[in-house]
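Presented below is the structure to which this report refers.
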Amino acid sequence: MNLGIGIDTGGTFTDSAIVDLESGLVLSKAKALTTRQDLRIGIEASLSLLDQSLFPIIKLVSLSTTLATNSVVEGKGSRVGLIVAVPNPATFIFPSDLPALETAVIVGAHDRRGEVTADLDVAAVSEAVRRMVNEVDAFAVSCYFSIYNTEHEAKIKDLIGSACGHPVVCGHELSADVGLIERAVTACLNARLLPVIRELLDAVKQTLVRNNIKAPLMVVKGDGSLITEEIARVRPVETVLSGPAASIVGACRLTGVDDAVVVDMGGTTTDIAVVSDQTAPTSINGAIIGGWQTRVKAADVWTVGLGGDSKISVGQGADIHVGPRRAIPICWAAHAYPPLKQVLNDLIQAGGRIKKTPSLDFFTLSRKPIFPLSRHEAELIDTLDGRVLHKNQIEAEFGPFIRVERLIELGSISEVSFTPTDLLNGRGDIALWNREASELAIQYFVNITGQDKETFCDSIFTEIIESLKLNIAGEVLRQGYDSTQIWSQEITGFLGRLLRKNGRGELSAAFRLKRPLVAVGAPVKAFFPRVASDLGARLIIPEHSEVASAVGAVVGRVVEEARAYVRPDKPFGFTVVTEDEHRSFDRLDSAVTFAEKHVRLLAEGRLLKAGGNHIETNIFREENMAQVSDQWGGGFLIELKLTARAVGKPLL
């Protein structure tokens with residue numbers, strides 16, 4: 001048997017699964033809490049719950065992770081120096097909010113044919129490196145039309161290498177798409193993530209060694225395909241959004257369904273994708289990460305801050321809001337800190353009179369910060385170590401001298417609050433950690449809202465259902481449109497009201513989702529039967545749905561691409577332009593034959609380097625024609641883009 005281990009580090013749980021790579025059969029599975037302060041701890045805990053007798057015959061290990069995405073959002077990683085080459089720096093307007101500590105814009109450019117239009121200012125490069133070298137940890141390089149000729153980027157990389165030992169990331173190494181600024185952002189983020197992904201991969205490899213697992217390690221990219229650990233170390237930006245992509249792959253493999261709406265409801269978020277031929281569409285212009293437009297190829301997934309650990313807020317008049325903030329469930333906090341149960345009892349006995357807001361907002365220490373603290377912040381950190389305190393107690397002890405929100409954003413303090421996990425726990429749908437604490441939390445809200453338990457729980461349950469319905473329907477409607485056309489406040493408000501009227505009130509609205517609804521993730525069995533019923537959908541919750549992302553991490557394929565451009569030449573003939581070739585031909589058919597052969601070899605070579613074999617390669621053509629408005633009609637070729645896509649199985 002060819003067995004593999006898939007590992008997925010989500011926002012709440014780290015899942016793992018041992019899978020027969022030929023049949024897709026799941027032989028062992030496990031969940032452990034994700035340890036954000038040190039992901040290695042959660043990974044080790046999850047692996048320890050698997051069938052360890054199978055470890056000696058494991059042939060492949062593959063990892064999907066939220067680490068890259070979270071690190072970009074949180075601003076973690078290397079200090080980056082960016083060098084950009086353009087035709088005329090004096091007239092080139094560059095954004096001021098790039099993810100780089102230092103930036104230099106110098107002279108240097110090619111055109112679409114790969115010909116030099118402005119010589120590289122070598123002296124300016126040397127001066128920029130001299131200025132930055134002691135201020136940054138890594139360099140990023142992006143040059144004008146480098147996708148058609150990599151000469152300038154390669155020269156700058158050599159000059160940096162001669163001056164220092166800092167790592168250098170070039171834009172053309174990560175993307176073959178036009179967009180100088182987007183390639184610069186992608187290169188910067190990649191350079192920033194180098195030490196982050198290195199630390200994670202080192203920790204995972206050490207864990208594998210300790211467990212006597214000798215299989216190669218691969219990593220899931222944002223489009224769901226796999227790359228070797230060695231490539232992930234130098235191209236970590238490609239691993240952003242790998243978690244949602246892995247869940248799509250896993251859902252398709254577990255169900256065998258070709259066309260579906262796949263929904264992964266986890267602890268922190270719900271990810272929604274419309275899948276065709278077992279593949280989610282990729283973002284046309286590249287993924288947006290931390291607010292920056294990149295050229296990273298990633299699955300086109302709609303993510304909403306709604307999961308088992310979403311914070312539930314109950315306002316005045318029993319006004320309910322679920323998410324998008326994440327909180328530690330009260331049932332888990334009471335399990336780890338038993339005195340919390342007595343605090344809940346005391347609040348109930350006090351009649352719920354907690355200032356003006358009927359909240360259950362507690363805080364606890366996540367990890368001790370390594371950054372400087374004020375005296376009051378240091379005192380709070382010490383106070384929360386091993387304890388869970390209500391926000392009013394913190395306000396009473398520390399007053400206005402401290403910003404708890406800052407410490408939450410920096411990851412040192414975590415919120416503890418009422419969540420959908422507590423709701424299901426208190427209703428008896430599940431039994432996790434300290435169930436009595438969840439029941440006490442519900443009783444607290446019942447007392448202050450004046451509702452009975454069933455009415456209160458049903459109102460929250462319905463709010464979660466309606467949010468899921470709205471986001472699923474909106475994502476299905478969004479296909480083929482700009483997201484701003486669908487997700488405007490007016491349209492979502494109307495769609496939400498229409499969905500709530502389904503079969504109720506004066507207006508009866510009937511819905512039928514034509515594709516099956518495939519739901520994966522730990523909480524889906526509780527919520528999705530009603531979601532599917534209201535949307536008129538056929539619901540599929542596959543066996544092992546709770547570890548679909550771990551399954552998807554190890555059953556993915558290796559995919560690599562290469563591109564060539566064929567353009568009319570002056571005064572006649574045609575030119576083939578690739579990143580490493582520029583050739584002229586008298587005839588179009590000769591140019592196309594050469595381009596197809598060349599990109600096929602490039603794509604297959606990259607796939608072998610990325611750890612794939614059993615290659616199947618397809619070539620896709622995109623013609624850009626100029627129409628001629630005369631009595632004969634027709635047109636002439638402006639550009640022919642050839643893309644070779646090589647697909648293979650991971651090399652075991």
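Starting from 1 in every chain, residues are counted up; chains themselves are A, B, ... following the order of the structure tokens, and ligands are numbered from 1 as listed.
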
Please identify every residue of segment 401-481 of chain A that has at least one atom no farther than 12 Å from an atom of segment 13-37 of chain A, counting only C-alpha atoms, and for each give the shortest atom pair and the distance in Å to one decimal, arranged by chain then increasing number, as CSV.
residue,atom,partner,partner_atom,distance
A:Leu410,CA,A:Gln37,CA,11.3
A:Gly411,CA,A:Gln37,CA,8.3
A:Ser412,CA,A:Gln37,CA,8.9
A:Ile413,CA,A:Gln37,CA,11.1
A:Ser414,CA,A:Arg36,CA,10.9

Contacts of segment 174-269 of chain A with segment 46-50 of chain A up to 12 Å, shortest pair per row, only C-alpha atoms, as JSON lines:
{"residue": "A:Val204", "atom": "CA", "partner": "A:Leu47", "partner_atom": "CA", "distance": 10.7}
{"residue": "A:Thr207", "atom": "CA", "partner": "A:Leu47", "partner_atom": "CA", "distance": 8.9}
{"residue": "A:Leu208", "atom": "CA", "partner": "A:Leu47", "partner_atom": "CA", "distance": 9.2}
{"residue": "A:Arg210", "atom": "CA", "partner": "A:Ser48", "partner_atom": "CA", "distance": 10.9}
{"residue": "A:Asn211", "atom": "CA", "partner": "A:Leu47", "partner_atom": "CA", "distance": 8.7}
{"residue": "A:Asn212", "atom": "CA", "partner": "A:Leu47", "partner_atom": "CA", "distance": 11.8}
{"residue": "A:Ile213", "atom": "CA", "partner": "A:Leu47", "partner_atom": "CA", "distance": 10.9}

Name the residues of segment 179-234 of chain A that fall into alpha helix (DSSP H) according to DSSP on the backbone, using the chain letters and numbers of this document, as a ChimeraX atom specification. /A:180-210,229-234

Residue neighbourhood segment 471-473 of chain A, 9 Å, only C-alpha atoms, exclusion window fewer than 2 positions, as a VMD selection string: chain A and resid 261 263 272 to 273 302 to 304 466 to 469 475 to 478 492 495 499 513 535

Can you write out the residues you just picked, keeping N, CA and C atoms, as a short mmCIF file (atom, residue, chain, number, x, y, z; two decimals), in the first residue's frame?
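Okay, this is what ended up in part.cif:
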data_model
loop_
_atom_site.label_atom_id
_atom_site.label_comp_id
_atom_site.auth_asym_id
_atom_site.auth_seq_id
_atom_site.Cartn_x
_atom_site.Cartn_y
_atom_site.Cartn_z
N VAL A 261 -21.11 22.83 -4.92
CA VAL A 261 -20.76 23.96 -4.08
C VAL A 261 -20.16 23.37 -2.81
N VAL A 263 -18.47 23.70 0.83
CA VAL A 263 -18.42 24.60 1.98
C VAL A 263 -17.64 23.92 3.09
N ILE A 272 -16.14 28.98 1.00
CA ILE A 272 -17.14 28.55 0.02
C ILE A 272 -16.52 28.61 -1.37
N ALA A 273 -16.68 27.53 -2.15
CA ALA A 273 -16.15 27.50 -3.51
C ALA A 273 -17.13 26.78 -4.43
N TRP A 302 -14.58 32.14 -1.39
CA TRP A 302 -15.18 33.20 -0.58
C TRP A 302 -15.08 32.78 0.87
N THR A 303 -14.46 33.63 1.69
CA THR A 303 -14.25 33.32 3.10
C THR A 303 -15.03 34.30 3.96
N VAL A 304 -15.76 33.75 4.91
CA VAL A 304 -16.54 34.58 5.84
C VAL A 304 -16.14 34.20 7.26
N GLU A 466 -29.00 31.61 8.65
CA GLU A 466 -29.26 32.67 7.67
C GLU A 466 -27.96 33.24 7.12
N SER A 467 -26.94 33.37 7.95
CA SER A 467 -25.66 33.87 7.47
C SER A 467 -25.03 32.89 6.49
N LEU A 468 -25.10 31.60 6.79
CA LEU A 468 -24.57 30.59 5.87
C LEU A 468 -25.32 30.61 4.55
N LYS A 469 -26.64 30.69 4.60
CA LYS A 469 -27.45 30.72 3.38
C LYS A 469 -27.10 31.93 2.53
N GLU A 475 -22.23 33.68 -3.14
CA GLU A 475 -21.06 33.17 -3.87
C GLU A 475 -21.47 32.49 -5.16
N VAL A 476 -22.59 31.77 -5.14
CA VAL A 476 -23.07 31.14 -6.38
C VAL A 476 -23.45 32.22 -7.40
N LEU A 477 -24.13 33.27 -6.95
CA LEU A 477 -24.52 34.35 -7.85
C LEU A 477 -23.32 35.14 -8.35
N ARG A 478 -22.24 35.16 -7.56
CA ARG A 478 -21.06 35.96 -7.91
C ARG A 478 -20.29 35.39 -9.09
N THR A 492 -26.97 42.59 -0.86
CA THR A 492 -26.94 41.57 0.19
C THR A 492 -28.11 41.74 1.15
N LEU A 495 -31.10 40.29 -0.73
CA LEU A 495 -30.98 38.83 -0.84
C LEU A 495 -31.22 38.18 0.51
N LEU A 499 -34.15 35.46 1.31
CA LEU A 499 -33.86 34.12 1.83
C LEU A 499 -34.62 33.85 3.12
N LEU A 513 -30.87 25.02 -5.45
CA LEU A 513 -29.46 25.03 -5.82
C LEU A 513 -29.21 23.82 -6.71
N LEU A 535 -32.22 26.03 0.92
CA LEU A 535 -31.70 26.39 -0.41
C LEU A 535 -32.13 25.41 -1.49
#

Find the residues near Asp264 of chain A: any atom within 10 Å, counting only C-alpha atoms, skip ones fewer than 4 places away on the same chain, and give them as a PDB file with N, CA and C atoms, in the first residue's frame.
ATOM      1  N   PRO A 244      -7.804  26.499   2.660  1.00  0.00           N
ATOM      2  CA  PRO A 244      -9.056  26.386   1.906  1.00  0.00           C
ATOM      3  C   PRO A 244      -8.913  25.550   0.637  1.00  0.00           C
ATOM      4  N   SER A 247      -9.020  21.885   1.500  1.00  0.00           N
ATOM      5  CA  SER A 247     -10.362  21.402   1.860  1.00  0.00           C
ATOM      6  C   SER A 247     -11.188  21.116   0.609  1.00  0.00           C
ATOM      7  N   ILE A 248     -11.012  21.914  -0.449  1.00  0.00           N
ATOM      8  CA  ILE A 248     -11.723  21.667  -1.705  1.00  0.00           C
ATOM      9  C   ILE A 248     -11.280  20.344  -2.310  1.00  0.00           C
ATOM     10  N   ALA A 251     -12.646  17.495  -0.149  1.00  0.00           N
ATOM     11  CA  ALA A 251     -14.084  17.305  -0.314  1.00  0.00           C
ATOM     12  C   ALA A 251     -14.398  16.578  -1.615  1.00  0.00           C
ATOM     13  N   THR A 269     -13.347  30.217  10.311  1.00  0.00           N
ATOM     14  CA  THR A 269     -13.989  30.742   9.107  1.00  0.00           C
ATOM     15  C   THR A 269     -14.811  29.659   8.421  1.00  0.00           C
ATOM     16  N   THR A 270     -15.645  30.107   7.487  1.00  0.00           N
ATOM     17  CA  THR A 270     -16.323  29.224   6.542  1.00  0.00           C
ATOM     18  C   THR A 270     -15.854  29.611   5.154  1.00  0.00           C
ATOM     19  N   ASP A 271     -15.356  28.632   4.399  1.00  0.00           N
ATOM     20  CA  ASP A 271     -14.840  28.856   3.049  1.00  0.00           C
ATOM     21  C   ASP A 271     -15.795  28.216   2.050  1.00  0.00           C
ATOM     22  N   ILE A 272     -16.143  28.982   0.999  1.00  0.00           N
ATOM     23  CA  ILE A 272     -17.140  28.547   0.019  1.00  0.00           C
ATOM     24  C   ILE A 272     -16.523  28.609  -1.372  1.00  0.00           C
ATOM     25  N   ALA A 273     -16.681  27.531  -2.150  1.00  0.00           N
ATOM     26  CA  ALA A 273     -16.152  27.503  -3.514  1.00  0.00           C
ATOM     27  C   ALA A 273     -17.130  26.781  -4.428  1.00  0.00           C
ATOM     28  N   THR A 303     -14.464  33.630   1.686  1.00  0.00           N
ATOM     29  CA  THR A 303     -14.250  33.319   3.097  1.00  0.00           C
ATOM     30  C   THR A 303     -15.031  34.296   3.962  1.00  0.00           C
ATOM     31  N   GLY A 307     -17.562  30.508  12.181  1.00  0.00           N
ATOM     32  CA  GLY A 307     -17.148  29.136  12.457  1.00  0.00           C
ATOM     33  C   GLY A 307     -17.551  28.734  13.854  1.00  0.00           C
ATOM     34  N   VAL A 518     -21.821  20.222  -0.892  1.00  0.00           N
ATOM     35  CA  VAL A 518     -20.900  19.354  -0.172  1.00  0.00           C
ATOM     36  C   VAL A 518     -20.376  20.126   1.031  1.00  0.00           C
ATOM     37  N   ALA A 519     -20.671  19.641   2.226  1.00  0.00           N
ATOM     38  CA  ALA A 519     -20.289  20.335   3.450  1.00  0.00           C
ATOM     39  C   ALA A 519     -19.268  19.508   4.220  1.00  0.00           C
ATOM     40  N   VAL A 520     -18.160  20.138   4.572  1.00  0.00           N
ATOM     41  CA  VAL A 520     -17.124  19.476   5.352  1.00  0.00           C
ATOM     42  C   VAL A 520     -16.743  20.382   6.525  1.00  0.00           C
ATOM     43  N   GLY A 521     -16.127  19.782   7.528  1.00  0.00           N
ATOM     44  CA  GLY A 521     -15.753  20.536   8.715  1.00  0.00           C
ATOM     45  C   GLY A 521     -16.496  20.014   9.928  1.00  0.00           C
ATOM     46  N   ALA A 522     -15.957  20.270  11.100  1.00  0.00           N
ATOM     47  CA  ALA A 522     -16.496  19.699  12.335  1.00  0.00           C
ATOM     48  C   ALA A 522     -17.953  20.073  12.620  1.00  0.00           C
ATOM     49  N   PRO A 523     -18.403  21.343  12.410  1.00  0.00           N
ATOM     50  CA  PRO A 523     -19.773  21.705  12.839  1.00  0.00           C
ATOM     51  C   PRO A 523     -20.873  21.440  11.819  1.00  0.00           C
ATOM     52  N   VAL A 524     -20.558  20.902  10.620  1.00  0.00           N
ATOM     53  CA  VAL A 524     -21.537  20.942   9.521  1.00  0.00           C
ATOM     54  C   VAL A 524     -22.759  20.061   9.764  1.00  0.00           C
ATOM     55  N   SER A 545     -15.623  13.896   6.979  1.00  0.00           N
ATOM     56  CA  SER A 545     -15.716  15.299   6.568  1.00  0.00           C
ATOM     57  C   SER A 545     -14.967  16.219   7.519  1.00  0.00           C
ATOM     58  N   GLU A 546     -14.830  15.802   8.787  1.00  0.00           N
ATOM     59  CA  GLU A 546     -14.182  16.669   9.768  1.00  0.00           C
ATOM     60  C   GLU A 546     -12.681  16.797   9.538  1.00  0.00           C
ATOM     61  N   ALA A 548     -11.401  16.761   6.192  1.00  0.00           N
ATOM     62  CA  ALA A 548     -11.305  16.860   4.732  1.00  0.00           C
ATOM     63  C   ALA A 548     -10.053  17.606   4.292  1.00  0.00           C
ATOM     64  N   SER A 549      -9.658  18.643   5.020  1.00  0.00           N
ATOM     65  CA  SER A 549      -8.472  19.409   4.627  1.00  0.00           C
ATOM     66  C   SER A 549      -7.210  18.567   4.739  1.00  0.00           C
TER      67      SER A 549
END

Would you please work out which residue, of A:Lys221, A:Arg79, A:Lys59, A:Arg587, is nearest to Gly552 of chain A when using only C-alpha atoms?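 The answer is A:Lys221, which sits nearest to Gly552 of chain A.
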
Can you tell me, as a VMD selection string, which residues in segment 90-331 of chain A count as strand (DSSP E) by DSSP? chain A and resid 102 to 107 109 to 110 116 to 118 138 to 143 168 to 170 217 to 220 226 to 228 260 to 265 270 to 275 288 to 289 292 to 293 302 to 304 310 to 314 320 to 326 328 to 329

Set the distance at 10 Å and use only C-alpha atoms: which residues neighbour Pro216 of chain A once local chain neighbours fewer than 3 positions away are removed? I'd like the list as JSON, numbers by chain. {"A": [4, 58, 59, 60, 61, 62, 205, 208, 213, 228, 229, 611, 650, 651, 652]}

Using N, CA and C atoms, can you export the residues from the last selection as a short mmCIF file (atom, residue, chain, number, x, y, z; two decimals), in the first residue's frame?
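As written to disk, result14.cif reads:
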data_model
loop_
_atom_site.label_atom_id
_atom_site.label_comp_id
_atom_site.auth_asym_id
_atom_site.auth_seq_id
_atom_site.Cartn_x
_atom_site.Cartn_y
_atom_site.Cartn_z
N GLY A 4 -0.05 7.83 2.80
CA GLY A 4 0.43 9.19 3.02
C GLY A 4 -0.22 9.79 4.25
N ILE A 58 4.84 4.80 5.71
CA ILE A 58 4.35 6.03 5.08
C ILE A 58 5.27 6.42 3.93
N LYS A 59 4.69 6.73 2.76
CA LYS A 59 5.47 7.08 1.57
C LYS A 59 5.49 8.59 1.28
N LEU A 60 4.58 9.33 1.89
CA LEU A 60 4.48 10.76 1.58
C LEU A 60 3.84 11.48 2.76
N VAL A 61 4.33 12.68 3.08
CA VAL A 61 3.70 13.56 4.06
C VAL A 61 3.47 14.90 3.37
N SER A 62 2.27 15.45 3.54
CA SER A 62 1.97 16.74 2.91
C SER A 62 1.27 17.65 3.90
N LYS A 205 9.79 18.68 10.07
CA LYS A 205 10.76 17.63 9.75
C LYS A 205 11.31 17.00 11.03
N LEU A 208 8.77 14.59 12.24
CA LEU A 208 8.77 13.36 11.45
C LEU A 208 9.92 12.45 11.86
N ILE A 213 9.30 8.68 10.75
CA ILE A 213 8.64 8.80 9.44
C ILE A 213 9.66 9.34 8.45
N THR A 228 7.42 20.54 -3.50
CA THR A 228 8.33 19.93 -2.54
C THR A 228 8.64 20.91 -1.42
N GLU A 229 9.07 20.34 -0.31
CA GLU A 229 9.48 21.17 0.82
C GLU A 229 10.58 22.15 0.41
N GLY A 611 8.65 17.79 -7.76
CA GLY A 611 8.38 16.53 -7.07
C GLY A 611 7.28 15.70 -7.69
N PRO A 650 2.54 13.03 -6.98
CA PRO A 650 3.76 13.25 -6.19
C PRO A 650 4.69 12.05 -6.27
N LEU A 651 5.97 12.32 -6.31
CA LEU A 651 6.97 11.26 -6.34
C LEU A 651 7.14 10.71 -4.94
N LEU A 652 6.78 9.43 -4.74
CA LEU A 652 6.78 8.83 -3.41
C LEU A 652 8.19 8.37 -3.04
#

Neighbours of Ile288 of chain A within 12 Å (only C-alpha atoms; same-chain residues fewer than 5 positions away dropped), as a VMD selection string? chain A and resid 69 72 to 73 182 185 to 186 189 222 237 240 to 241 283 293 to 302

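Residue nearest Leu640 of chain A within the list A:Asp8, A:Glu622, A:Glu560, A:Asp429: A:Glu622 [criterion: smallest interatomic distance, only C-alpha atoms].
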
I'd like the contact shell of Ala85 of chain A - 12 Å cut-off, only C-alpha atoms, skipping same-chain residues fewer than 3 positions apart - returned as a PyMOL selection string. chain A and resi 82+88-90+92+94+103-110+117-122+124-125+128+140-146+150-153+155-156+170-171+180-181+184

How would the residues just picked look written out with C-alpha atoms as a compact mmCIF listing (two decimals), in the first residue's frame?
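Written file, again18.txt:
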# COMPACT_ATOMS: atom_id res chain seq x y z
CA LEU A 82 12.85 46.29 -2.67
CA ASN A 88 12.00 56.50 -16.11
CA PRO A 89 11.95 56.64 -12.30
CA ALA A 90 11.16 60.37 -12.36
CA PHE A 92 6.92 56.42 -12.40
CA PHE A 94 4.94 53.84 -7.06
CA THR A 103 12.60 50.82 -1.63
CA ALA A 104 14.83 51.95 -4.52
CA VAL A 105 13.49 52.76 -8.01
CA ILE A 106 16.20 52.77 -10.71
CA VAL A 107 16.53 52.84 -14.50
CA GLY A 108 16.17 49.63 -16.51
CA ALA A 109 13.50 48.19 -18.83
CA HIS A 110 12.60 45.76 -21.61
CA THR A 117 14.60 49.81 -24.01
CA ALA A 118 16.56 51.27 -21.08
CA ASP A 119 19.94 49.98 -19.92
CA LEU A 120 20.16 48.86 -16.30
CA ASP A 121 21.74 51.49 -14.03
CA VAL A 122 24.27 49.20 -12.37
CA ALA A 124 22.32 52.81 -8.83
CA VAL A 125 21.83 49.15 -7.93
CA ALA A 128 20.84 50.93 -3.23
CA ALA A 140 13.06 41.62 -3.51
CA VAL A 141 13.59 42.57 -7.16
CA SER A 142 11.05 43.48 -9.83
CA CYS A 143 11.87 44.86 -13.28
CA TYR A 144 9.86 46.30 -16.14
CA PHE A 145 8.62 43.47 -18.43
CA SER A 146 10.96 40.95 -16.78
CA THR A 150 14.88 38.07 -17.03
CA GLU A 151 18.28 39.62 -17.75
CA HIS A 152 17.94 42.71 -15.53
CA GLU A 153 16.51 40.85 -12.55
CA LYS A 155 21.91 40.98 -12.97
CA ILE A 156 20.54 42.73 -9.87
CA CYS A 170 12.94 38.01 -8.12
CA GLY A 171 9.46 38.72 -9.46
CA LEU A 180 5.19 45.23 -12.33
CA ILE A 181 3.74 46.43 -9.02
CA ALA A 184 6.96 43.50 -6.73

Between A:Asp586, A:His335, A:Leu424, A:Val554, single out the one closest to Asn2 of chain A, counting only C-alpha atoms. A:Val554

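Here atom CA of Ala187 of chain A stands at a distance of 25.0 Å from atom CA of Ala553 of chain A.
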
Pick from A:Arg497, A:Arg233, A:His376, A:Arg435, whichever lies nearest to Pro329 of chain A using only C-alpha atoms: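 Nearest to Pro329 of chain A: A:Arg435.
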
Out of A:Ser584, A:Thr66, A:Ser126, A:Thr279, which residue has the shortest atom-to-atom distance to Ile83 of chain A when counting only C-alpha atoms?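 Ranked by minimum distance to Ile83 of chain A, first place goes to A:Ser126.
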